[in-house]
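Raw final-v8.pdb, PDB, C-alpha atoms and all ligand atoms:
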```pdb
ATOM      1  CA  ARG K   1      -9.356  24.330  35.108
ATOM      2  CA  ALA K   2     -11.260  24.668  38.371
ATOM      3  CA  LEU K   3     -14.618  23.761  36.808
ATOM      4  CA  GLU K   4     -13.104  20.531  35.533
ATOM      5  CA  LEU K   5     -12.024  19.427  39.029
ATOM      6  CA  ASP K   6     -15.399  20.410  40.471
ATOM      7  CA  LEU K   7     -17.117  18.361  37.783
ATOM      8  CA  ARG K   8     -15.366  15.203  38.922
ATOM      9  CA  ALA K   9     -16.670  15.794  42.442
ATOM     10  CA  ALA K  10     -20.168  16.887  41.384
ATOM     11  CA  ILE K  11     -21.609  13.370  41.271
ATOM     12  CA  VAL K  12     -20.277  12.417  44.699
ATOM     13  CA  ARG K  13     -21.505  15.680  46.200
ATOM     14  CA  GLY K  14     -24.952  15.132  44.750
ATOM     15  CA  GLU K  15     -24.852  18.401  42.798
ATOM     16  CA  LEU K  16     -26.261  16.930  39.588
ATOM     17  CA  GLU K  17     -29.976  16.896  38.976
ATOM     18  CA  LEU K  18     -32.262  15.957  36.128
ATOM     19  CA  HIS K  19     -35.053  18.157  34.908
ATOM     20  CA  TYR K  20     -37.682  16.713  32.604
ATOM     21  CA  GLN K  21     -39.288  18.332  29.572
ATOM     22  CA  PRO K  22     -42.515  16.663  28.392
ATOM     23  CA  LEU K  23     -43.127  15.605  24.789
ATOM     24  CA  LEU K  24     -46.693  16.259  23.665
ATOM     25  CA  ASP K  25     -48.459  13.518  21.702
ATOM     26  CA  ILE K  26     -50.007  15.879  19.139
ATOM     27  CA  ASN K  27     -52.920  13.618  18.124
ATOM     28  CA  ARG K  28     -53.967  12.527  21.587
ATOM     29  CA  GLY K  29     -53.218  15.810  23.328
ATOM     30  CA  VAL K  30     -51.411  14.120  26.219
ATOM     31  CA  THR K  31     -47.817  13.707  27.359
ATOM     32  CA  ALA K  32     -45.996  10.879  25.565
ATOM     33  CA  GLY K  33     -42.898  10.996  27.735
ATOM     34  CA  TYR K  34     -40.093  13.205  28.998
ATOM     35  CA  GLU K  35     -36.581  14.190  27.947
ATOM     36  CA  ALA K  36     -34.082  14.261  30.810
ATOM     37  CA  LEU K  37     -32.015  17.464  30.810
ATOM     38  CA  LEU K  38     -29.018  17.649  33.105
ATOM     39  CA  ARG K  39     -28.561  20.481  35.616
ATOM     40  CA  TRP K  40     -25.537  21.192  37.803
ATOM     41  CA  ASN K  41     -26.200  22.994  41.074
ATOM     42  CA  HIS K  42     -22.659  24.199  41.778
ATOM     43  CA  ALA K  43     -21.894  25.032  45.425
ATOM     44  CA  SER K  44     -20.565  28.543  44.718
ATOM     45  CA  ARG K  45     -21.402  29.270  41.072
ATOM     46  CA  GLY K  46     -25.079  28.405  41.328
ATOM     47  CA  THR K  47     -26.731  26.628  38.409
ATOM     48  CA  VAL K  48     -24.268  25.867  35.604
ATOM     49  CA  SER K  49     -25.811  25.271  32.166
ATOM     50  CA  PRO K  50     -25.109  22.006  30.331
ATOM     51  CA  ASP K  51     -24.013  24.136  27.355
ATOM     52  CA  VAL K  52     -21.092  25.181  29.584
ATOM     53  CA  PHE K  53     -20.164  21.984  31.396
ATOM     54  CA  ILE K  54     -21.007  19.212  28.897
ATOM     55  CA  PRO K  55     -18.225  20.358  26.503
ATOM     56  CA  ILE K  56     -15.745  20.323  29.425
ATOM     57  CA  ALA K  57     -16.989  16.919  30.545
ATOM     58  CA  GLU K  58     -16.526  15.668  26.986
ATOM     59  CA  GLU K  59     -12.967  17.025  26.680
ATOM     60  CA  THR K  60     -11.916  15.464  29.958
ATOM     61  CA  GLY K  61     -13.766  12.164  29.599
ATOM     62  CA  VAL K  62     -15.809  12.716  32.788
ATOM     63  CA  ILE K  63     -18.856  12.583  30.514
ATOM     64  CA  VAL K  64     -18.780   8.774  30.635
ATOM     65  CA  GLU K  65     -19.238   8.736  34.412
ATOM     66  CA  ILE K  66     -21.779  11.549  34.318
ATOM     67  CA  GLY K  67     -23.637   9.804  31.503
ATOM     68  CA  GLU K  68     -23.904   6.622  33.573
ATOM     69  CA  TRP K  69     -25.331   8.649  36.422
ATOM     70  CA  VAL K  70     -27.870  10.199  34.031
ATOM     71  CA  ILE K  71     -28.990   6.798  32.687
ATOM     72  CA  ARG K  72     -29.348   5.278  36.168
ATOM     73  CA  THR K  73     -31.104   8.307  37.640
ATOM     74  CA  ALA K  74     -33.482   8.828  34.709
ATOM     75  CA  LEU K  75     -34.529   5.165  34.786
ATOM     76  CA  ALA K  76     -34.888   5.111  38.584
ATOM     77  CA  GLU K  77     -37.123   8.200  38.409
ATOM     78  CA  ALA K  78     -39.112   6.928  35.404
ATOM     79  CA  ALA K  79     -39.917   3.780  37.410
ATOM     80  CA  GLY K  80     -42.322   5.945  39.418
ATOM     81  CA  TRP K  81     -44.193   7.326  36.386
ATOM     82  CA  PRO K  82     -47.263   5.884  34.638
ATOM     83  CA  GLU K  83     -46.080   2.936  32.562
ATOM     84  CA  ASP K  84     -46.982   4.345  29.151
ATOM     85  CA  LEU K  85     -44.575   7.286  29.498
ATOM     86  CA  THR K  86     -41.175   7.165  27.794
ATOM     87  CA  VAL K  87     -37.920   8.600  29.136
ATOM     88  CA  ALA K  88     -35.331  10.102  26.769
ATOM     89  CA  VAL K  89     -31.651  10.525  27.605
ATOM     90  CA  ASN K  90     -29.075  12.542  25.617
ATOM     91  CA  MET K  91     -25.931  10.617  24.715
ATOM     92  CA  SER K  92     -22.477  12.071  24.076
ATOM     93  CA  PRO K  93     -20.255  10.481  21.408
ATOM     94  CA  ALA K  94     -17.703   9.414  24.058
ATOM     95  CA  GLN K  95     -20.430   7.552  25.932
ATOM     96  CA  MET K  96     -21.470   5.677  22.818
ATOM     97  CA  LYS K  97     -17.869   4.588  22.274
ATOM     98  CA  ASP K  98     -17.438   3.406  25.856
ATOM     99  CA  GLY K  99     -17.225  -0.383  26.055
ATOM    100  CA  ASN K 100     -19.220  -0.408  29.288
ATOM    101  CA  LEU K 101     -22.344   1.263  27.898
ATOM    102  CA  LEU K 102     -24.280  -1.914  27.126
ATOM    103  CA  PRO K 103     -23.875  -3.518  30.585
ATOM    104  CA  VAL K 104     -24.656  -0.156  32.228
ATOM    105  CA  VAL K 105     -27.942   0.122  30.295
ATOM    106  CA  VAL K 106     -28.879  -3.533  30.900
ATOM    107  CA  ASN K 107     -28.137  -3.197  34.613
ATOM    108  CA  ALA K 108     -29.978   0.139  35.011
ATOM    109  CA  LEU K 109     -33.031  -1.288  33.212
ATOM    110  CA  ALA K 110     -33.028  -4.369  35.460
ATOM    111  CA  GLN K 111     -32.568  -2.374  38.682
ATOM    112  CA  SER K 112     -35.316   0.093  37.821
ATOM    113  CA  GLY K 113     -37.720  -2.444  36.354
ATOM    114  CA  VAL K 114     -38.436  -0.032  33.479
ATOM    115  CA  LEU K 115     -39.253  -1.792  30.183
ATOM    116  CA  PRO K 116     -36.514  -1.279  27.549
ATOM    117  CA  SER K 117     -39.122   0.041  25.101
ATOM    118  CA  ARG K 118     -39.726   3.040  27.388
ATOM    119  CA  LEU K 119     -36.084   4.144  27.150
ATOM    120  CA  GLU K 120     -35.096   6.408  24.269
ATOM    121  CA  LEU K 121     -31.447   7.287  23.643
ATOM    122  CA  GLU K 122     -30.863  10.534  21.725
ATOM    123  CA  ILE K 123     -27.769  10.663  19.577
ATOM    124  CA  THR K 124     -26.602  13.389  17.179
ATOM    125  CA  GLU K 125     -25.193  13.358  13.684
ATOM    126  CA  ASN K 126     -21.764  14.257  15.097
ATOM    127  CA  LEU K 127     -21.512  10.743  16.408
ATOM    128  CA  LEU K 128     -22.345   9.112  13.086
ATOM    129  CA  MET K 129     -19.934  11.407  11.224
ATOM    130  CA  GLN K 130     -17.133   9.308  12.665
ATOM    131  CA  GLU K 131     -18.457   6.229  10.838
ATOM    132  CA  SER K 132     -17.389   3.822  13.552
ATOM    133  CA  GLU K 133     -18.312   0.148  13.082
ATOM    134  CA  GLU K 134     -18.217  -0.279  16.857
ATOM    135  CA  VAL K 135     -20.735   2.498  17.451
ATOM    136  CA  LEU K 136     -23.080   1.025  14.833
ATOM    137  CA  ALA K 137     -22.727  -2.413  16.446
ATOM    138  CA  THR K 138     -23.561  -0.921  19.867
ATOM    139  CA  LEU K 139     -26.600   0.863  18.427
ATOM    140  CA  HIS K 140     -27.839  -2.431  16.950
ATOM    141  CA  LYS K 141     -27.332  -4.256  20.265
ATOM    142  CA  LEU K 142     -29.236  -1.557  22.157
ATOM    143  CA  ARG K 143     -32.032  -1.810  19.641
ATOM    144  CA  ASP K 144     -32.082  -5.614  19.984
ATOM    145  CA  LEU K 145     -32.696  -5.062  23.714
ATOM    146  CA  GLY K 146     -35.803  -3.090  22.757
ATOM    147  CA  VAL K 147     -34.324   0.345  23.524
ATOM    148  CA  LYS K 148     -35.388   3.137  21.120
ATOM    149  CA  ILE K 149     -32.829   5.258  19.287
ATOM    150  CA  ALA K 150     -33.622   8.856  18.276
ATOM    151  CA  LEU K 151     -31.640  11.118  15.952
ATOM    152  CA  ASP K 152     -31.440  14.452  17.817
ATOM    153  CA  ASP K 153     -31.048  17.975  16.355
ATOM    154  CA  PHE K 154     -31.860  16.589  12.907
ATOM    155  CA  GLY K 155     -30.842  18.792   9.999
ATOM    156  CA  THR K 156     -28.055  20.715  11.704
ATOM    157  CA  GLY K 157     -25.139  18.406  10.830
ATOM    158  CA  TYR K 158     -23.599  17.496   7.495
ATOM    159  CA  SER K 159     -25.186  15.162   4.922
ATOM    160  CA  SER K 160     -27.984  14.150   7.282
ATOM    161  CA  LEU K 161     -29.693  11.916   4.756
ATOM    162  CA  ASN K 162     -26.709   9.609   4.642
ATOM    163  CA  TYR K 163     -27.164   8.862   8.352
ATOM    164  CA  LEU K 164     -30.739   7.766   7.810
ATOM    165  CA  ARG K 165     -29.339   5.041   5.587
ATOM    166  CA  SER K 166     -26.658   3.948   8.048
ATOM    167  CA  PHE K 167     -29.016   3.044  10.902
ATOM    168  CA  PRO K 168     -32.773   2.389  11.290
ATOM    169  CA  PHE K 169     -33.692   5.069  13.831
ATOM    170  CA  ASP K 170     -36.960   4.870  15.720
ATOM    171  CA  LYS K 171     -37.375   8.616  15.796
ATOM    172  CA  ILE K 172     -36.201  11.848  14.200
ATOM    173  CA  LYS K 173     -36.138  14.994  16.329
ATOM    174  CA  ILE K 174     -36.486  17.983  14.000
ATOM    175  CA  ASP K 175     -34.152  20.718  15.199
ATOM    176  CA  ARG K 176     -35.712  23.856  16.586
ATOM    177  CA  CYS K 177     -34.032  26.070  13.965
ATOM    178  CA  PHE K 178     -36.602  24.742  11.439
ATOM    179  CA  VAL K 179     -39.474  25.149  13.885
ATOM    180  CA  SER K 180     -38.750  28.655  15.164
ATOM    181  CA  GLU K 181     -39.831  30.366  11.921
ATOM    182  CA  LEU K 182     -42.359  27.764  10.853
ATOM    183  CA  ALA K 183     -45.266  30.199  10.957
ATOM    184  CA  GLU K 184     -43.470  32.917   8.918
ATOM    185  CA  ARG K 185     -41.262  31.162   6.391
ATOM    186  CA  GLU K 186     -42.438  28.946   3.573
ATOM    187  CA  ASP K 187     -39.000  27.359   3.166
ATOM    188  CA  CYS K 188     -39.068  26.172   6.793
ATOM    189  CA  GLN K 189     -42.561  24.799   6.199
ATOM    190  CA  ALA K 190     -41.357  22.912   3.127
ATOM    191  CA  ILE K 191     -38.374  21.447   4.995
ATOM    192  CA  VAL K 192     -40.415  20.376   8.012
ATOM    193  CA  ARG K 193     -43.155  18.873   5.831
ATOM    194  CA  SER K 194     -40.569  16.938   3.812
ATOM    195  CA  VAL K 195     -38.745  15.609   6.876
ATOM    196  CA  ILE K 196     -42.039  14.384   8.374
ATOM    197  CA  SER K 197     -43.017  12.621   5.146
ATOM    198  CA  LEU K 198     -39.519  11.135   4.800
ATOM    199  CA  ALA K 199     -39.673   9.858   8.387
ATOM    200  CA  ASN K 200     -43.120   8.363   7.760
ATOM    201  CA  GLU K 201     -41.844   6.471   4.732
ATOM    202  CA  LEU K 202     -38.915   5.176   6.758
ATOM    203  CA  LYS K 203     -41.321   4.112   9.579
ATOM    204  CA  MET K 204     -39.739   6.550  12.009
ATOM    205  CA  THR K 205     -41.709   8.791  14.356
ATOM    206  CA  THR K 206     -41.135  12.554  14.483
ATOM    207  CA  THR K 207     -40.729  15.059  17.280
ATOM    208  CA  ALA K 208     -40.550  18.780  16.544
ATOM    209  CA  GLU K 209     -38.293  20.630  18.990
ATOM    210  CA  GLY K 210     -38.549  24.204  20.217
ATOM    211  CA  VAL K 211     -42.296  24.615  19.676
ATOM    212  CA  GLU K 212     -43.126  27.956  21.298
ATOM    213  CA  TYR K 213     -46.298  29.164  19.563
ATOM    214  CA  GLY K 214     -49.742  27.794  18.826
ATOM    215  CA  GLU K 215     -49.367  28.546  15.102
ATOM    216  CA  GLN K 216     -46.300  26.306  14.952
ATOM    217  CA  LEU K 217     -48.184  23.481  16.640
ATOM    218  CA  GLU K 218     -51.118  23.844  14.217
ATOM    219  CA  LYS K 219     -48.793  23.625  11.211
ATOM    220  CA  LEU K 220     -47.112  20.544  12.699
ATOM    221  CA  ARG K 221     -50.474  18.922  13.360
ATOM    222  CA  LYS K 222     -51.574  19.512   9.752
ATOM    223  CA  ASP K 223     -48.307  18.066   8.460
ATOM    224  CA  GLY K 224     -48.730  14.896  10.543
ATOM    225  CA  CYS K 225     -45.924  15.395  13.045
ATOM    226  CA  ASP K 226     -46.268  12.918  15.942
ATOM    227  CA  GLN K 227     -44.880  14.865  18.890
ATOM    228  CA  ALA K 228     -44.102  18.445  19.906
ATOM    229  CA  GLN K 229     -41.614  19.575  22.519
ATOM    230  CA  GLY K 230     -41.045  23.144  23.634
ATOM    231  CA  PHE K 231     -41.965  26.023  25.865
ATOM    232  CA  LEU K 232     -45.546  26.149  24.466
ATOM    233  CA  TYR K 233     -46.331  22.844  26.173
ATOM    234  CA  SER K 234     -43.852  23.053  29.035
ATOM    235  CA  ARG K 235     -40.306  23.894  30.065
ATOM    236  CA  ALA K 236     -38.162  21.258  31.712
ATOM    237  CA  VAL K 237     -39.203  20.830  35.347
ATOM    238  CA  PRO K 238     -37.566  19.164  38.359
ATOM    239  CA  ALA K 239     -38.540  15.503  38.896
ATOM    240  CA  GLY K 240     -40.457  16.348  42.073
ATOM    241  CA  GLU K 241     -42.709  18.805  40.235
ATOM    242  CA  LEU K 242     -43.998  16.351  37.611
ATOM    243  CA  GLU K 243     -47.722  15.854  37.905
ATOM    244  CA  PHE K 244     -49.556  12.910  36.465
ATOM    245  CA  LYS K 245     -53.239  13.475  35.975
ATOM    246  CA  PRO K 246     -55.451  10.699  34.644
ATOM    247  CA  GLY K 247     -56.360  11.442  31.012
ATOM    248  CA  GLN K 248     -54.151  14.516  30.748
ATOM    249  CA  LYS K 249     -50.781  13.282  31.966
ATOM    250  CA  ARG K 250     -48.135  15.905  32.463
TER     251      ARG K 250
HETATM  252  O1  LIG A   1     -31.358  21.860  28.734
HETATM  253  P1  LIG A   1     -30.733  22.601  27.838
HETATM  254  O2  LIG A   1     -31.218  22.642  28.780
HETATM  255  O3  LIG A   1     -30.065  23.852  28.200
HETATM  256  O4  LIG A   1     -29.558  21.634  27.280
HETATM  257  C1  LIG A   1     -28.499  22.187  26.567
HETATM  258  C2  LIG A   1     -27.759  21.121  25.797
HETATM  259  O5  LIG A   1     -27.209  20.156  26.714
HETATM  260  C3  LIG A   1     -28.633  20.370  24.796
HETATM  261  O6  LIG A   1     -27.889  20.234  23.600
HETATM  262  C4  LIG A   1     -28.818  19.033  25.444
HETATM  263  O7  LIG A   1     -28.930  18.015  24.477
HETATM  264  C5  LIG A   1     -27.538  18.861  26.273
HETATM  265  N1  LIG A   1     -27.768  17.978  27.421
HETATM  266  C6  LIG A   1     -28.673  18.132  28.403
HETATM  267  N2  LIG A   1     -28.620  17.092  29.268
HETATM  268  C7  LIG A   1     -27.656  16.250  28.806
HETATM  269  C8  LIG A   1     -27.143  14.989  29.240
HETATM  270  O8  LIG A   1     -27.579  14.390  30.220
HETATM  271  N3  LIG A   1     -26.125  14.445  28.509
HETATM  272  C9  LIG A   1     -25.627  15.054  27.406
HETATM  273  N4  LIG A   1     -24.639  14.439  26.759
HETATM  274  N5  LIG A   1     -26.108  16.221  26.950
HETATM  275  C10 LIG A   1     -27.108  16.826  27.643
HETATM  276  O1  LIG A   2     -30.041  19.390  21.953
HETATM  277  P1  LIG A   2     -31.288  19.127  22.699
HETATM  278  O2  LIG A   2     -32.447  19.053  21.751
HETATM  279  O3  LIG A   2     -31.260  17.977  23.623
HETATM  280  O4  LIG A   2     -31.562  20.441  23.507
HETATM  281  C1  LIG A   2     -32.553  20.622  24.427
HETATM  282  C2  LIG A   2     -32.473  22.116  24.686
HETATM  283  O5  LIG A   2     -33.562  22.797  24.079
HETATM  284  C3  LIG A   2     -32.468  22.497  26.137
HETATM  285  O6  LIG A   2     -31.527  23.486  26.295
HETATM  286  C4  LIG A   2     -33.852  23.079  26.334
HETATM  287  O7  LIG A   2     -33.868  23.997  27.400
HETATM  288  C5  LIG A   2     -34.065  23.762  25.001
HETATM  289  N1  LIG A   2     -35.462  24.021  24.679
HETATM  290  C6  LIG A   2     -36.515  23.248  24.979
HETATM  291  N2  LIG A   2     -37.675  23.787  24.520
HETATM  292  C7  LIG A   2     -37.340  24.962  23.936
HETATM  293  C8  LIG A   2     -38.114  25.979  23.274
HETATM  294  O8  LIG A   2     -39.328  25.925  23.113
HETATM  295  N3  LIG A   2     -37.418  27.034  22.778
HETATM  296  C9  LIG A   2     -36.072  27.145  22.911
HETATM  297  N4  LIG A   2     -35.487  28.239  22.420
HETATM  298  N5  LIG A   2     -35.306  26.197  23.509
HETATM  299  C10 LIG A   2     -35.935  25.108  24.027
HETATM  300 MN    MN A   3     -32.083  16.138  23.058
HETATM  301 NA    NA A   4     -32.269  18.432  19.972
END
```

Starting from the coordinates I provided, produce the structure as structure tokens.
Ligand code: G
Ligand code: G
Ligand code: MN
Ligand code: NA
Amino acid sequence: RALELDLRAAIVRGELELHYQPLLDINRGVTAGYEALLRWNHASRGTVSPDVFIPIAEETGVIVEIGEWVIRTALAEAAGWPEDLTVAVNMSPAQMKDGNLLPVVVNALAQSGVLPSRLELEITENLLMQESEEVLATLHKLRDLGVKIALDDFGTGYSSLNYLRSFPFDKIKIDRCFVSELAEREDCQAIVRSVISLANELKMTTTAEGVEYGEQLEKLRKDGCDQAQGFLYSRAVPAGELEFKPGQKR
């Protein structure tokens, strides 16, 4: 496949770029940090969506190399932000199984000077479905370094609750499918409220994804959700367009 060959060259050609979507600290009304979202500016095809190229990168294994680039770049860029802001990076299962991940993270943290506690790695239930002892060991080692681990797209996989028992996550990201109809549907409200209270009991923080309307944010605030991410607060923006204002960081 042509796209596959191009993908191998994309890093070298400097065609990859990270955009950053802010996470709103609901109580304080300020930005808590940013999630790095990968963009590919293809020479002839224009911008290719990660929904298109991440699956190809995963099939071909190029995701490991791309993932390293994402970790290094996100940390290098976060080094220039105010020190209380976190940086979240999405992890593919293949990356988590790669034996080199730990040294890559340690090295990227050292080179950037970013504190480990500011780095948040987002993993999905798909990864845990494979029940690998090695992956769990890697997660524990990352956590021992002080790196935070978030469970992304929570509620969309199978037997989610089992995964909460397999590893002590720092954060649960409530999938946007539960948030999108939060204002209209009582069942979505019940699910979101229960996940937040479950997370609280397990000493995990919560981020609601895909928050687009003020009514959704108000419901989340009432239910004690910690953070909101979505178009209501901001889309993902290029690194150069991030603005940090004192008091209201963005
Ligand atoms: O940014 P949206 O922008 O379109 O991202 C689409 C999907 O691609 C999401 O599921 C997101 O988690 C995933 N994604 C975005 N950036 C990365 C990345 O750097 N690595 C991996 N593995 N997935 C990413
Ligand atoms: O899987 P992950 O949660 O990493 O996916 C991030 C994806 O969610 C990106 O594609 C991003 O563009 C998208 N996204 C972010 N905020 C919103 C939102 O408010 N509404 C919708 N529909 N998608 C969003
Ligand atoms: Mn994510
Ligand atoms: Na998600």

Please check which protein, DNA or RNA residues sit within 7 Å of ligand LIG 2 (chain A), counting only C-alpha atoms and all ligand atoms, and write them as a PDB file with C-alpha atoms, keeping the file's coordinate frame.
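The resulting result13.pdb:
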```
ATOM      1  CA  LEU K  37     -32.015  17.464  30.810  1.00  0.00           C
ATOM      2  CA  ASN K  90     -29.075  12.542  25.617  1.00  0.00           C
ATOM      3  CA  ASP K 152     -31.440  14.452  17.817  1.00  0.00           C
ATOM      4  CA  ASP K 153     -31.048  17.975  16.355  1.00  0.00           C
ATOM      5  CA  ASP K 175     -34.152  20.718  15.199  1.00  0.00           C
ATOM      6  CA  GLU K 209     -38.293  20.630  18.990  1.00  0.00           C
ATOM      7  CA  GLY K 210     -38.549  24.204  20.217  1.00  0.00           C
ATOM      8  CA  VAL K 211     -42.296  24.615  19.676  1.00  0.00           C
ATOM      9  CA  GLU K 212     -43.126  27.956  21.298  1.00  0.00           C
ATOM     10  CA  GLN K 229     -41.614  19.575  22.519  1.00  0.00           C
ATOM     11  CA  GLY K 230     -41.045  23.144  23.634  1.00  0.00           C
ATOM     12  CA  PHE K 231     -41.965  26.023  25.865  1.00  0.00           C
ATOM     13  CA  LEU K 232     -45.546  26.149  24.466  1.00  0.00           C
ATOM     14  CA  ARG K 235     -40.306  23.894  30.065  1.00  0.00           C
ATOM     15  CA  ALA K 236     -38.162  21.258  31.712  1.00  0.00           C
TER      16      ALA K 236
END
```

Q: With all atoms listed in the file counted, collect every polymer residue having an atom within 8 Å of ligand LIG 1 (chain A); state the result as a PyMOL selection string.
A: chain K and resi 18+36-39+49-51+54+63+66-67+70+89-93+152+236

Q: Evaluate the PyMOL selection byres (((chain K and resi 183) around 7) and not hetatm) on the structure here and hand back the selected residues as a PyMOL selection string.
A: chain K and resi 181-182+184-185+215-216

Q: Give me the result of the PyMOL selection byres (((chain K and resi 168) around 9) and not hetatm) on this file, residue by residue, as a VMD selection string.
A: chain K and resid 140 149 164 to 167 169 to 171 202 to 204

Writing out the chosen residues with C-alpha atoms as a JSON list (two decimals), keeping the file's coordinate frame:
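Result file out.json:
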```
[["chain", "number", "residue", "atom", "x", "y", "z"],
["K", 140, "HIS", "CA", -27.84, -2.43, 16.95],
["K", 149, "ILE", "CA", -32.83, 5.26, 19.29],
["K", 164, "LEU", "CA", -30.74, 7.77, 7.81],
["K", 165, "ARG", "CA", -29.34, 5.04, 5.59],
["K", 166, "SER", "CA", -26.66, 3.95, 8.05],
["K", 167, "PHE", "CA", -29.02, 3.04, 10.90],
["K", 169, "PHE", "CA", -33.69, 5.07, 13.83],
["K", 170, "ASP", "CA", -36.96, 4.87, 15.72],
["K", 171, "LYS", "CA", -37.38, 8.62, 15.80],
["K", 202, "LEU", "CA", -38.92, 5.18, 6.76],
["K", 203, "LYS", "CA", -41.32, 4.11, 9.58],
["K", 204, "MET", "CA", -39.74, 6.55, 12.01]]
```

Starting from the PyMOL selection byres (((chain K and resi 225-228) around 7) and not hetatm), expand the selection into actual residues of this file and give them as a short mmCIF file (atom, residue, chain, number, x, y, z; two decimals) with C-alpha atoms, in the coordinates of the input.
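Result file is result.cif:
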```cif
data_model
loop_
_atom_site.label_atom_id
_atom_site.label_comp_id
_atom_site.auth_asym_id
_atom_site.auth_seq_id
_atom_site.Cartn_x
_atom_site.Cartn_y
_atom_site.Cartn_z
CA LEU K 23 -43.13 15.60 24.79
CA LEU K 24 -46.69 16.26 23.66
CA ASP K 25 -48.46 13.52 21.70
CA ILE K 26 -50.01 15.88 19.14
CA ILE K 196 -42.04 14.38 8.37
CA THR K 205 -41.71 8.79 14.36
CA THR K 206 -41.14 12.55 14.48
CA THR K 207 -40.73 15.06 17.28
CA ALA K 208 -40.55 18.78 16.54
CA GLU K 209 -38.29 20.63 18.99
CA VAL K 211 -42.30 24.62 19.68
CA LEU K 220 -47.11 20.54 12.70
CA ARG K 221 -50.47 18.92 13.36
CA ASP K 223 -48.31 18.07 8.46
CA GLY K 224 -48.73 14.90 10.54
CA GLN K 229 -41.61 19.58 22.52
CA GLY K 230 -41.04 23.14 23.63
#
```

Q.
So, with only C-alpha atoms and all ligand atoms as the atoms that count, which of K:Ser132, K:Thr73, K:Ser44, K:Thr124 lies closest to ligand MN 3 (chain A)?
A. K:Thr124

(Q) I'd like to know which of K:Ala190, K:Val237, K:Val114, K:Ala88 is closest to ligand NA 4 (chain A), using all atoms listed in the file. (A) K:Ala88

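Distances from K:Leu142, K:Val147, K:Val106, K:Val87 to ligand MN 3 (chain A) were compared using only C-alpha atoms and all ligand atoms, and the smallest one belongs to K:Val87.
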
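Of the residues listed (K:Thr138, K:Ala74, K:Glu68, K:Gln21), K:Gln21 shows the shortest atom-to-atom separation from ligand NA 4 (chain A); distances use all atoms listed in the file.
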
(Q) Residues near Gly240 in chain K, anyone? I mean within 10 Å using only C-alpha atoms, not counting same-chain ones fewer than 5 positions away, as number ranges by chain. (A) K: 19-20, 77

Q. Got a sec to check which residues sit within 10 Å of (-22.7, 2.6, 19.4), counting all atoms listed in the file, and write them as a PyMOL selection string?
A. chain K and resi 93-99+101-102+123+127-128+132-142

Q) Between K:Leu115, K:Cys177, K:Ala199, K:Leu3, which is the closest to Ala57 in chain K once you count all atoms listed in the file? A) K:Leu3

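Rounded to one decimal, CA of Ile71 in chain K and CA of Ser160 in chain K lie 26.5 Å from each other.
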
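Using only C-alpha atoms and all ligand atoms for every distance, the candidate list K:Gly157, K:Gly46, K:Gly14, K:Gly214 yields K:Gly157 as the residue closest to ligand NA 4 (chain A).
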
Q | Between CA of Pro238 in chain K and CA of Glu17 in chain K - distance in Å to one decimal | A | 7.9 Å
